[in-house]
>>> print(open('protein10.cif').read())   # mmCIF, C-alpha atoms
data_input
loop_
_atom_site.label_atom_id
_atom_site.label_comp_id
_atom_site.auth_asym_id
_atom_site.auth_seq_id
_atom_site.Cartn_x
_atom_site.Cartn_y
_atom_site.Cartn_z
CA MET K 1 -2.03 -34.19 -36.06
CA MET K 2 -2.87 -37.77 -35.31
CA TYR K 3 -5.53 -37.09 -32.66
CA SER K 4 -6.94 -33.73 -31.73
CA ARG K 5 -9.56 -34.62 -29.10
CA ILE K 6 -9.16 -37.53 -26.72
CA LEU K 7 -11.95 -38.78 -24.49
CA LEU K 8 -10.72 -40.55 -21.37
CA ALA K 9 -13.49 -42.72 -19.96
CA VAL K 10 -12.80 -43.75 -16.37
CA ASP K 11 -14.63 -45.78 -13.76
CA LEU K 12 -12.83 -43.79 -11.01
CA THR K 13 -11.39 -46.86 -9.35
CA ASP K 14 -7.74 -46.91 -8.24
CA GLU K 15 -6.75 -48.16 -11.68
CA SER K 16 -8.02 -45.00 -13.38
CA ILE K 17 -4.78 -43.11 -12.84
CA LYS K 18 -2.90 -45.71 -14.89
CA VAL K 19 -5.35 -45.36 -17.78
CA ALA K 20 -5.35 -41.58 -17.39
CA ASN K 21 -1.58 -41.40 -17.60
CA LYS K 22 -1.63 -43.18 -20.96
CA ALA K 23 -4.18 -40.67 -22.23
CA VAL K 24 -2.05 -37.82 -20.86
CA ALA K 25 1.06 -39.16 -22.59
CA LEU K 26 -0.87 -39.39 -25.85
CA CYS K 27 -2.12 -35.81 -25.44
CA LYS K 28 1.45 -34.66 -24.93
CA ALA K 29 2.71 -36.66 -27.91
CA THR K 30 -0.03 -35.52 -30.28
CA GLY K 31 -1.12 -32.16 -28.90
CA ALA K 32 -4.66 -33.43 -28.38
CA GLU K 33 -7.11 -31.90 -25.94
CA LEU K 34 -8.24 -34.10 -23.05
CA THR K 35 -11.83 -34.58 -21.95
CA ILE K 36 -12.63 -36.86 -19.01
CA LEU K 37 -15.86 -38.78 -18.73
CA HIS K 38 -17.27 -40.82 -15.92
CA VAL K 39 -20.56 -42.59 -16.44
CA ILE K 40 -22.72 -43.38 -13.45
CA GLU K 41 -24.56 -46.49 -14.45
CA SER K 42 -28.26 -45.86 -13.94
CA LEU K 43 -29.55 -48.18 -11.26
CA ASN K 44 -32.32 -49.07 -13.69
CA TYR K 45 -29.66 -50.31 -16.05
CA ALA K 46 -27.69 -52.07 -13.36
CA TYR K 47 -30.69 -54.09 -12.28
CA GLY K 48 -32.18 -54.45 -15.70
CA GLY K 49 -35.53 -52.80 -15.10
CA ASP K 50 -37.67 -50.76 -12.77
CA VAL K 51 -36.40 -50.29 -9.27
CA PRO K 52 -39.36 -49.91 -6.92
CA ILE K 53 -37.59 -47.57 -4.49
CA ASP K 54 -36.77 -43.90 -4.54
CA ILE K 55 -33.23 -43.82 -5.86
CA THR K 56 -32.92 -40.05 -6.15
CA ASP K 57 -30.83 -39.79 -2.99
CA ILE K 58 -28.52 -42.60 -4.01
CA GLN K 59 -27.98 -41.12 -7.46
CA ALA K 60 -27.21 -37.72 -5.89
CA GLN K 61 -24.64 -39.34 -3.60
CA LEU K 62 -23.03 -41.18 -6.49
CA GLN K 63 -22.86 -37.91 -8.38
CA GLU K 64 -21.21 -36.16 -5.41
CA THR K 65 -18.64 -38.93 -4.95
CA ALA K 66 -17.87 -38.96 -8.66
CA LYS K 67 -17.29 -35.19 -8.64
CA GLU K 68 -14.82 -35.47 -5.78
CA ARG K 69 -12.95 -38.39 -7.32
CA ILE K 70 -12.74 -36.80 -10.74
CA ALA K 71 -11.29 -33.64 -9.14
CA ILE K 72 -8.66 -35.75 -7.36
CA LEU K 73 -7.81 -37.51 -10.62
CA GLU K 74 -7.58 -34.24 -12.53
CA ALA K 75 -5.18 -32.84 -9.94
CA GLN K 76 -2.79 -35.73 -10.58
CA LEU K 77 -2.63 -35.24 -14.33
CA ASP K 78 0.21 -33.61 -16.15
CA VAL K 79 -1.88 -31.81 -18.76
CA PRO K 80 -4.77 -29.37 -18.41
CA VAL K 81 -8.18 -31.00 -18.73
CA GLN K 82 -10.42 -29.37 -21.33
CA GLU K 83 -13.60 -30.61 -19.70
CA SER K 84 -14.79 -33.18 -17.17
CA CYS K 85 -18.18 -34.77 -17.66
CA ILE K 86 -20.24 -36.91 -15.36
CA SER K 87 -23.04 -38.59 -17.18
CA GLN K 88 -25.70 -41.12 -16.29
CA GLY K 89 -27.07 -44.04 -18.26
CA GLY K 90 -25.69 -47.15 -19.89
CA ILE K 91 -21.89 -47.08 -19.75
CA GLU K 92 -21.09 -47.97 -23.37
CA SER K 93 -23.94 -45.97 -24.89
CA GLU K 94 -23.06 -42.86 -22.87
CA ILE K 95 -19.39 -43.11 -23.86
CA HIS K 96 -20.41 -43.34 -27.52
CA ARG K 97 -22.91 -40.48 -27.16
CA ILE K 98 -20.42 -38.13 -25.52
CA ALA K 99 -17.70 -39.17 -28.00
CA GLU K 100 -19.95 -38.10 -30.85
CA GLU K 101 -21.16 -34.96 -29.12
CA LYS K 102 -17.61 -33.79 -28.39
CA ARG K 103 -16.37 -35.06 -31.76
CA VAL K 104 -13.43 -36.84 -30.21
CA ASP K 105 -11.22 -38.93 -32.44
CA LEU K 106 -9.98 -41.32 -29.77
CA ILE K 107 -11.57 -42.94 -26.74
CA VAL K 108 -9.16 -44.20 -24.06
CA VAL K 109 -10.59 -46.79 -21.71
CA GLY K 110 -9.25 -49.29 -19.20
CA SER K 111 -9.33 -52.93 -20.21
CA HIS K 112 -10.18 -55.37 -17.45
CA GLY K 113 -12.97 -57.68 -16.56
CA ARG K 114 -15.85 -56.27 -14.63
CA HIS K 115 -17.55 -57.89 -11.72
CA GLY K 116 -20.92 -59.49 -11.53
CA LEU K 117 -23.34 -59.72 -14.38
CA ALA K 118 -21.18 -57.67 -16.71
CA LEU K 119 -18.66 -60.51 -16.69
CA LEU K 120 -21.12 -62.55 -18.68
CA LEU K 121 -21.51 -59.75 -21.17
CA GLY K 122 -17.80 -59.11 -21.58
CA SER K 123 -15.63 -56.27 -20.38
CA THR K 124 -16.50 -52.60 -20.78
CA ALA K 125 -13.60 -52.15 -23.20
CA ASN K 126 -15.16 -54.69 -25.55
CA GLY K 127 -18.49 -52.96 -25.21
CA VAL K 128 -16.96 -49.57 -25.93
CA LEU K 129 -15.18 -50.94 -28.99
CA HIS K 130 -18.39 -52.32 -30.41
CA GLY K 131 -20.08 -49.49 -32.26
CA ALA K 132 -17.61 -46.76 -31.24
CA PRO K 133 -17.67 -43.73 -33.55
CA CYS K 134 -13.87 -43.43 -33.51
CA ASP K 135 -10.62 -45.20 -32.59
CA VAL K 136 -10.45 -46.86 -29.17
CA LEU K 137 -7.33 -47.38 -27.08
CA ALA K 138 -7.82 -50.12 -24.50
CA VAL K 139 -5.26 -49.71 -21.75
CA LYS K 140 -4.43 -52.96 -20.00
CA VAL K 141 -4.92 -52.52 -16.28
CA ALA K 142 -5.36 -56.07 -15.07
CA LYS K 143 -5.65 -59.61 -16.28
CA ASP K 144 -8.92 -60.20 -18.11
CA LYS K 145 -11.17 -62.05 -15.76
CA ASP K 146 -13.72 -63.01 -18.38
CA MET B 1 8.60 -43.41 -23.45
CA MET B 2 4.97 -44.26 -23.72
CA TYR B 3 5.35 -47.16 -26.12
CA SER B 4 8.61 -48.69 -27.27
CA ARG B 5 7.47 -51.59 -29.46
CA ILE B 6 4.29 -51.45 -31.52
CA LEU B 7 2.83 -54.49 -33.27
CA LEU B 8 0.71 -53.62 -36.28
CA ALA B 9 -1.58 -56.54 -37.11
CA VAL B 10 -3.01 -56.26 -40.62
CA ASP B 11 -5.31 -58.38 -42.76
CA LEU B 12 -3.66 -56.90 -45.90
CA THR B 13 -6.94 -55.67 -47.35
CA ASP B 14 -7.16 -52.16 -48.86
CA GLU B 15 -8.00 -50.77 -45.42
CA SER B 16 -4.67 -51.85 -43.96
CA ILE B 17 -2.89 -48.68 -45.07
CA LYS B 18 -5.26 -46.58 -42.95
CA VAL B 19 -4.54 -48.68 -39.88
CA ALA B 20 -0.83 -48.74 -40.69
CA ASN B 21 -0.68 -44.96 -40.93
CA LYS B 22 -2.07 -44.63 -37.40
CA ALA B 23 0.62 -47.02 -36.16
CA VAL B 24 3.26 -45.06 -38.07
CA ALA B 25 2.07 -41.76 -36.56
CA LEU B 26 2.25 -43.31 -33.10
CA CYS B 27 5.75 -44.60 -33.78
CA LYS B 28 6.81 -41.12 -34.80
CA ALA B 29 5.14 -39.53 -31.78
CA THR B 30 6.57 -41.98 -29.26
CA GLY B 31 9.77 -43.22 -30.89
CA ALA B 32 8.49 -46.79 -30.85
CA GLU B 33 9.76 -49.51 -33.17
CA LEU B 34 7.27 -50.96 -35.64
CA THR B 35 6.71 -54.65 -36.27
CA ILE B 36 4.12 -55.78 -38.83
CA LEU B 37 2.23 -59.03 -38.50
CA HIS B 38 -0.10 -60.76 -40.88
CA VAL B 39 -1.76 -63.97 -39.79
CA ILE B 40 -2.86 -66.46 -42.41
CA GLU B 41 -5.80 -68.17 -40.86
CA SER B 42 -5.20 -71.90 -41.05
CA LEU B 43 -7.80 -73.49 -43.28
CA ASN B 44 -8.35 -75.97 -40.49
CA TYR B 45 -9.37 -73.06 -38.30
CA ALA B 46 -11.45 -71.43 -41.00
CA TYR B 47 -13.56 -74.52 -41.50
CA GLY B 48 -13.52 -75.58 -37.90
CA GLY B 49 -11.91 -78.98 -38.27
CA ASP B 50 -10.13 -81.40 -40.53
CA VAL B 51 -10.06 -80.53 -44.19
CA PRO B 52 -9.88 -83.76 -46.21
CA ILE B 53 -7.88 -82.26 -49.09
CA ASP B 54 -4.23 -81.46 -49.55
CA ILE B 55 -4.03 -77.78 -48.66
CA THR B 56 -0.26 -77.44 -48.85
CA ASP B 57 -0.39 -75.70 -52.23
CA ILE B 58 -3.10 -73.30 -51.18
CA GLN B 59 -1.23 -72.37 -48.00
CA ALA B 60 1.94 -71.80 -50.03
CA GLN B 61 0.07 -69.50 -52.40
CA LEU B 62 -1.47 -67.57 -49.52
CA GLN B 63 1.99 -67.19 -48.05
CA GLU B 64 3.37 -65.88 -51.34
CA THR B 65 0.54 -63.38 -51.80
CA ALA B 66 0.92 -62.19 -48.20
CA LYS B 67 4.66 -61.63 -48.71
CA GLU B 68 4.03 -59.49 -51.79
CA ARG B 69 1.29 -57.45 -50.16
CA ILE B 70 3.25 -56.86 -46.98
CA ALA B 71 6.18 -55.60 -49.08
CA ILE B 72 3.87 -53.18 -50.91
CA LEU B 73 2.47 -51.97 -47.57
CA GLU B 74 5.94 -51.53 -46.08
CA ALA B 75 7.00 -49.44 -49.07
CA GLN B 76 4.17 -46.97 -48.39
CA LEU B 77 5.08 -46.39 -44.75
CA ASP B 78 6.86 -43.36 -43.46
CA VAL B 79 8.98 -45.14 -40.84
CA PRO B 80 11.38 -48.06 -41.15
CA VAL B 81 9.85 -51.40 -40.25
CA GLN B 82 11.78 -53.33 -37.64
CA GLU B 83 10.43 -56.68 -38.73
CA SER B 84 7.59 -58.14 -40.82
CA CYS B 85 6.12 -61.47 -39.78
CA ILE B 86 3.74 -63.78 -41.56
CA SER B 87 2.34 -66.35 -39.25
CA GLN B 88 -0.23 -69.08 -39.54
CA GLY B 89 -2.90 -70.22 -37.12
CA GLY B 90 -5.82 -68.66 -35.30
CA ILE B 91 -5.82 -64.89 -35.85
CA GLU B 92 -6.29 -63.69 -32.28
CA SER B 93 -4.09 -66.35 -30.68
CA GLU B 94 -1.25 -65.71 -33.14
CA ILE B 95 -1.43 -61.94 -32.55
CA HIS B 96 -1.24 -62.54 -28.80
CA ARG B 97 1.59 -65.04 -29.19
CA ILE B 98 3.72 -62.77 -31.38
CA ALA B 99 2.92 -59.79 -29.12
CA GLU B 100 4.35 -61.70 -26.17
CA GLU B 101 7.29 -63.11 -28.10
CA LYS B 102 8.31 -59.65 -29.36
CA ARG B 103 7.43 -58.05 -26.02
CA VAL B 104 5.43 -55.30 -27.67
CA ASP B 105 3.58 -52.84 -25.49
CA LEU B 106 0.88 -51.91 -27.98
CA ILE B 107 -1.06 -53.85 -30.61
CA VAL B 108 -2.64 -51.76 -33.38
CA VAL B 109 -5.47 -53.44 -35.23
CA GLY B 110 -8.26 -52.40 -37.57
CA SER B 111 -11.75 -52.36 -36.14
CA HIS B 112 -14.46 -53.53 -38.52
CA GLY B 113 -16.86 -56.41 -38.83
CA ARG B 114 -15.63 -59.52 -40.52
CA HIS B 115 -17.58 -61.54 -42.99
CA GLY B 116 -19.16 -64.93 -42.64
CA LEU B 117 -19.04 -67.01 -39.53
CA ALA B 118 -16.73 -64.62 -37.73
CA LEU B 119 -19.55 -62.09 -37.66
CA LEU B 120 -21.32 -64.28 -35.17
CA LEU B 121 -18.23 -64.37 -32.99
CA GLY B 122 -17.60 -60.65 -33.09
CA SER B 123 -14.96 -58.64 -34.89
CA THR B 124 -11.26 -59.44 -34.82
CA ALA B 125 -10.58 -56.28 -32.83
CA ASN B 126 -12.79 -57.53 -30.02
CA GLY B 127 -11.08 -60.90 -30.18
CA VAL B 128 -7.65 -59.28 -30.04
CA LEU B 129 -8.67 -57.18 -27.06
CA HIS B 130 -9.83 -60.22 -25.14
CA GLY B 131 -6.76 -61.67 -23.45
CA ALA B 132 -4.24 -59.31 -25.04
CA PRO B 133 -0.97 -59.11 -23.09
CA CYS B 134 -0.73 -55.34 -23.60
CA ASP B 135 -2.63 -52.22 -24.70
CA VAL B 136 -4.68 -52.45 -27.88
CA LEU B 137 -5.48 -49.59 -30.24
CA ALA B 138 -8.48 -50.38 -32.41
CA VAL B 139 -8.43 -48.14 -35.46
CA LYS B 140 -11.87 -47.53 -36.90
CA VAL B 141 -11.84 -48.45 -40.57
CA ALA B 142 -15.51 -49.04 -41.31
CA LYS B 143 -18.87 -49.25 -39.68
CA ASP B 144 -19.20 -52.28 -37.44
CA LYS B 145 -21.27 -54.80 -39.28
CA ASP B 146 -21.92 -57.01 -36.29
#
>>> encode(input="protein10.cif", output="structure tokens")
Amino acid sequence: MMYSRILLAVDLTDESIKVANKAVALCKATGAELTILHVIESLNYAYGGDVPIDITDIQAQLQETAKERIAILEAQLDVPVQESCISQGGIESEIHRIAEEKRVDLIVVGSHGRHGLALLLGSTANGVLHGAPCDVLAVKVAKDKD
Amino acid sequence: MMYSRILLAVDLTDESIKVANKAVALCKATGAELTILHVIESLNYAYGGDVPIDITDIQAQLQETAKERIAILEAQLDVPVQESCISQGGIESEIHRIAEEKRVDLIVVGSHGRHGLALLLGSTANGVLHGAPCDVLAVKVAKDKD
């Protein structure tokens, strides 16, 4: 088959369902298994260095929220989900790491500008493409802002 | 259906068949029509300004070579090709323009570093992603060099 393991990387915003549905359609068309990944950007990463406050509570809350949202997303999908992962670190590097670990042959990611500093660095989709271990499908969810 | 019109953008190097086969598999899986596009980068673009020599002959030769190679590629594909286009200009902008003109819903492009100056600007796949009017599938053909 064309693809056997698809990794859907979502930011769990409202647009994620649109990206997810493309991944689901591809799974149906190719018989691929679907793994979902959400990366919680480490606050250290987000602010580019040491954060001099205890962020354990905040990270735990983010984790809890992500779990709930990923469950809601899963429930809306038309194919069974092989596995859902919540990971923490740099977004692009975590997506690449998990893609290698799970030996996926396609990463599906939403393509839209991100807010704030990331705008200067380009969209996540561009970052995911750069150095990806496999094919990448960038699903258009909004006009590029950058 | 998931995709109805797929635009395969190829540089007509040896790697193009690998990218083309992914597009073909997607066409088969989704029932989409396949259009092939090769962009001949204008020499003006390639050298970033006016070229003080008559380049008409060179462009005509490039055009002729592209026609031959695209015919060879077409002959190797497992689905009928709706249309093959050879266009001239900036690579990313021409891909976007043709994608809009043909109202495609997916652009398939090879993902690998390019040589020379373009390396500094990032790979074509990244360029295609940026500002694309639709989804983009970047097919991994070689290690990113940039």
>>> resolve_selection(input="protein10.cif", expression="the PyMOL selection byres ((chain B) within 6 of (chain K))", output="PyMOL selection string")
chain B and resi 29+126+131+134-140+144
>>> calpha_fit_and_write(input="protein10.cif", fixed="chain B", moving="chain K", output="compact mmCIF listing (two decimals) with C-alpha atoms, in the frame of the given file")
# COMPACT_ATOMS: atom_id res chain seq x y z
CA MET K 1 8.59 -43.32 -23.50
CA MET K 2 4.96 -44.24 -23.73
CA TYR K 3 5.36 -47.19 -26.13
CA SER K 4 8.61 -48.69 -27.27
CA ARG K 5 7.46 -51.60 -29.47
CA ILE K 6 4.29 -51.47 -31.53
CA LEU K 7 2.83 -54.49 -33.27
CA LEU K 8 0.70 -53.63 -36.28
CA ALA K 9 -1.58 -56.54 -37.11
CA VAL K 10 -3.02 -56.26 -40.61
CA ASP K 11 -5.31 -58.38 -42.75
CA LEU K 12 -3.68 -56.90 -45.89
CA THR K 13 -6.93 -55.66 -47.34
CA ASP K 14 -7.16 -52.16 -48.84
CA GLU K 15 -8.02 -50.79 -45.41
CA SER K 16 -4.67 -51.86 -43.96
CA ILE K 17 -2.90 -48.70 -45.08
CA LYS K 18 -5.27 -46.60 -42.97
CA VAL K 19 -4.56 -48.70 -39.88
CA ALA K 20 -0.85 -48.75 -40.70
CA ASN K 21 -0.69 -44.98 -40.94
CA LYS K 22 -2.08 -44.64 -37.41
CA ALA K 23 0.59 -47.03 -36.16
CA VAL K 24 3.24 -45.07 -38.08
CA ALA K 25 2.07 -41.79 -36.57
CA LEU K 26 2.24 -43.33 -33.11
CA CYS K 27 5.76 -44.62 -33.78
CA LYS K 28 6.80 -41.13 -34.82
CA ALA K 29 5.14 -39.54 -31.79
CA THR K 30 6.58 -41.99 -29.28
CA GLY K 31 9.77 -43.23 -30.90
CA ALA K 32 8.50 -46.81 -30.87
CA GLU K 33 9.77 -49.52 -33.18
CA LEU K 34 7.27 -50.97 -35.65
CA THR K 35 6.71 -54.66 -36.27
CA ILE K 36 4.12 -55.79 -38.82
CA LEU K 37 2.23 -59.04 -38.51
CA HIS K 38 -0.10 -60.76 -40.89
CA VAL K 39 -1.76 -63.97 -39.80
CA ILE K 40 -2.86 -66.45 -42.41
CA GLU K 41 -5.81 -68.17 -40.86
CA SER K 42 -5.19 -71.90 -41.02
CA LEU K 43 -7.79 -73.49 -43.25
CA ASN K 44 -8.36 -75.96 -40.43
CA TYR K 45 -9.35 -73.05 -38.26
CA ALA K 46 -11.44 -71.40 -40.94
CA TYR K 47 -13.53 -74.50 -41.43
CA GLY K 48 -13.47 -75.60 -37.85
CA GLY K 49 -11.86 -78.99 -38.25
CA ASP K 50 -10.07 -81.38 -40.54
CA VAL K 51 -10.02 -80.52 -44.19
CA PRO K 52 -9.87 -83.73 -46.22
CA ILE K 53 -7.85 -82.25 -49.09
CA ASP K 54 -4.21 -81.43 -49.56
CA ILE K 55 -4.03 -77.76 -48.66
CA THR K 56 -0.25 -77.42 -48.85
CA ASP K 57 -0.38 -75.70 -52.23
CA ILE K 58 -3.09 -73.29 -51.16
CA GLN K 59 -1.23 -72.36 -47.99
CA ALA K 60 1.96 -71.77 -50.02
CA GLN K 61 0.05 -69.48 -52.38
CA LEU K 62 -1.47 -67.55 -49.50
CA GLN K 63 2.00 -67.17 -48.03
CA GLU K 64 3.37 -65.87 -51.35
CA THR K 65 0.53 -63.37 -51.78
CA ALA K 66 0.92 -62.18 -48.20
CA LYS K 67 4.65 -61.61 -48.72
CA GLU K 68 4.02 -59.48 -51.79
CA ARG K 69 1.27 -57.44 -50.14
CA ILE K 70 3.24 -56.85 -46.97
CA ALA K 71 6.17 -55.59 -49.08
CA ILE K 72 3.84 -53.18 -50.89
CA LEU K 73 2.45 -51.96 -47.57
CA GLU K 74 5.92 -51.52 -46.09
CA ALA K 75 6.98 -49.43 -49.08
CA GLN K 76 4.15 -46.98 -48.38
CA LEU K 77 5.06 -46.39 -44.76
CA ASP K 78 6.85 -43.36 -43.47
CA VAL K 79 8.97 -45.14 -40.86
CA PRO K 80 11.39 -48.05 -41.16
CA VAL K 81 9.85 -51.41 -40.27
CA GLN K 82 11.80 -53.33 -37.64
CA GLU K 83 10.42 -56.68 -38.75
CA SER K 84 7.60 -58.15 -40.81
CA CYS K 85 6.12 -61.46 -39.76
CA ILE K 86 3.75 -63.77 -41.55
CA SER K 87 2.33 -66.35 -39.25
CA GLN K 88 -0.25 -69.09 -39.53
CA GLY K 89 -2.91 -70.23 -37.10
CA GLY K 90 -5.83 -68.67 -35.29
CA ILE K 91 -5.82 -64.91 -35.86
CA GLU K 92 -6.30 -63.70 -32.28
CA SER K 93 -4.10 -66.36 -30.69
CA GLU K 94 -1.26 -65.72 -33.14
CA ILE K 95 -1.44 -61.96 -32.55
CA HIS K 96 -1.24 -62.55 -28.79
CA ARG K 97 1.60 -65.08 -29.20
CA ILE K 98 3.71 -62.79 -31.37
CA ALA K 99 2.92 -59.81 -29.11
CA GLU K 100 4.34 -61.72 -26.16
CA GLU K 101 7.28 -63.12 -28.10
CA LYS K 102 8.31 -59.67 -29.35
CA ARG K 103 7.42 -58.06 -26.02
CA VAL K 104 5.44 -55.31 -27.68
CA ASP K 105 3.59 -52.86 -25.49
CA LEU K 106 0.89 -51.94 -27.99
CA ILE K 107 -1.05 -53.86 -30.61
CA VAL K 108 -2.64 -51.77 -33.38
CA VAL K 109 -5.46 -53.46 -35.24
CA GLY K 110 -8.25 -52.42 -37.58
CA SER K 111 -11.75 -52.38 -36.15
CA HIS K 112 -14.48 -53.54 -38.50
CA GLY K 113 -16.84 -56.41 -38.80
CA ARG K 114 -15.62 -59.49 -40.54
CA HIS K 115 -17.54 -61.51 -43.03
CA GLY K 116 -19.10 -64.88 -42.65
CA LEU K 117 -18.97 -66.96 -39.54
CA ALA K 118 -16.70 -64.55 -37.72
CA LEU K 119 -19.56 -62.05 -37.70
CA LEU K 120 -21.32 -64.27 -35.22
CA LEU K 121 -18.25 -64.37 -33.04
CA GLY K 122 -17.62 -60.64 -33.13
CA SER K 123 -14.96 -58.62 -34.89
CA THR K 124 -11.26 -59.44 -34.82
CA ALA K 125 -10.57 -56.28 -32.81
CA ASN K 126 -12.81 -57.56 -30.02
CA GLY K 127 -11.08 -60.91 -30.18
CA VAL K 128 -7.65 -59.31 -30.03
CA LEU K 129 -8.69 -57.19 -27.06
CA HIS K 130 -9.85 -60.22 -25.13
CA GLY K 131 -6.81 -61.69 -23.44
CA ALA K 132 -4.25 -59.35 -25.04
CA PRO K 133 -0.97 -59.15 -23.11
CA CYS K 134 -0.73 -55.38 -23.61
CA ASP K 135 -2.63 -52.25 -24.68
CA VAL K 136 -4.68 -52.47 -27.89
CA LEU K 137 -5.47 -49.61 -30.24
CA ALA K 138 -8.48 -50.39 -32.42
CA VAL K 139 -8.43 -48.16 -35.47
CA LYS K 140 -11.87 -47.54 -36.91
CA VAL K 141 -11.85 -48.45 -40.58
CA ALA K 142 -15.51 -49.02 -41.31
CA LYS K 143 -18.88 -49.17 -39.68
CA ASP K 144 -19.21 -52.21 -37.44
CA LYS K 145 -21.29 -54.72 -39.29
CA ASP K 146 -21.91 -56.95 -36.30
>>> closest_residue(input="protein10.cif", among="K:Glu101, K:Asp11, K:Asp78, K:Glu94", to="Cys27 of chain K", atoms="only C-alpha atoms")
K:Asp78
>>> atom_distance(input="protein10.cif", atom1="atom CA of Val10 of chain B", atom2="atom CA of His38 of chain B")
5.4 Å
>>> residues_around(input="protein10.cif", residues="segment 59-63 of chain B", least_positions_apart="6", cutoff="12 Å", atoms="only C-alpha atoms", output="MDAnalysis selection string")
chainID B and resid 12 38:44 53 69:70 85:89
>>> write_last_selection(input="protein10.cif", atoms="C-alpha atoms", output="PDB file, keeping the file's coordinate frame")
ATOM      1  CA  LEU B  12      -3.660 -56.900 -45.900  1.00  0.00           C
ATOM      2  CA  HIS B  38      -0.100 -60.760 -40.880  1.00  0.00           C
ATOM      3  CA  VAL B  39      -1.760 -63.970 -39.790  1.00  0.00           C
ATOM      4  CA  ILE B  40      -2.860 -66.460 -42.410  1.00  0.00           C
ATOM      5  CA  GLU B  41      -5.800 -68.170 -40.860  1.00  0.00           C
ATOM      6  CA  SER B  42      -5.200 -71.900 -41.050  1.00  0.00           C
ATOM      7  CA  LEU B  43      -7.800 -73.490 -43.280  1.00  0.00           C
ATOM      8  CA  ASN B  44      -8.350 -75.970 -40.490  1.00  0.00           C
ATOM      9  CA  ILE B  53      -7.880 -82.260 -49.090  1.00  0.00           C
ATOM     10  CA  ARG B  69       1.290 -57.450 -50.160  1.00  0.00           C
ATOM     11  CA  ILE B  70       3.250 -56.860 -46.980  1.00  0.00           C
ATOM     12  CA  CYS B  85       6.120 -61.470 -39.780  1.00  0.00           C
ATOM     13  CA  ILE B  86       3.740 -63.780 -41.560  1.00  0.00           C
ATOM     14  CA  SER B  87       2.340 -66.350 -39.250  1.00  0.00           C
ATOM     15  CA  GLN B  88      -0.230 -69.080 -39.540  1.00  0.00           C
ATOM     16  CA  GLY B  89      -2.900 -70.220 -37.120  1.00  0.00           C
TER      17      GLY B  89
END
>>> residues_around(input="protein10.cif", residues="Arg5 of chain B", least_positions_apart="2", cutoff="8 Å", atoms="only C-alpha atoms", output="list in words")
Tyr3, Leu7, Ala32, Glu33, Leu34, Thr35, Arg103, Val104, Asp105 and Leu106 of chain B
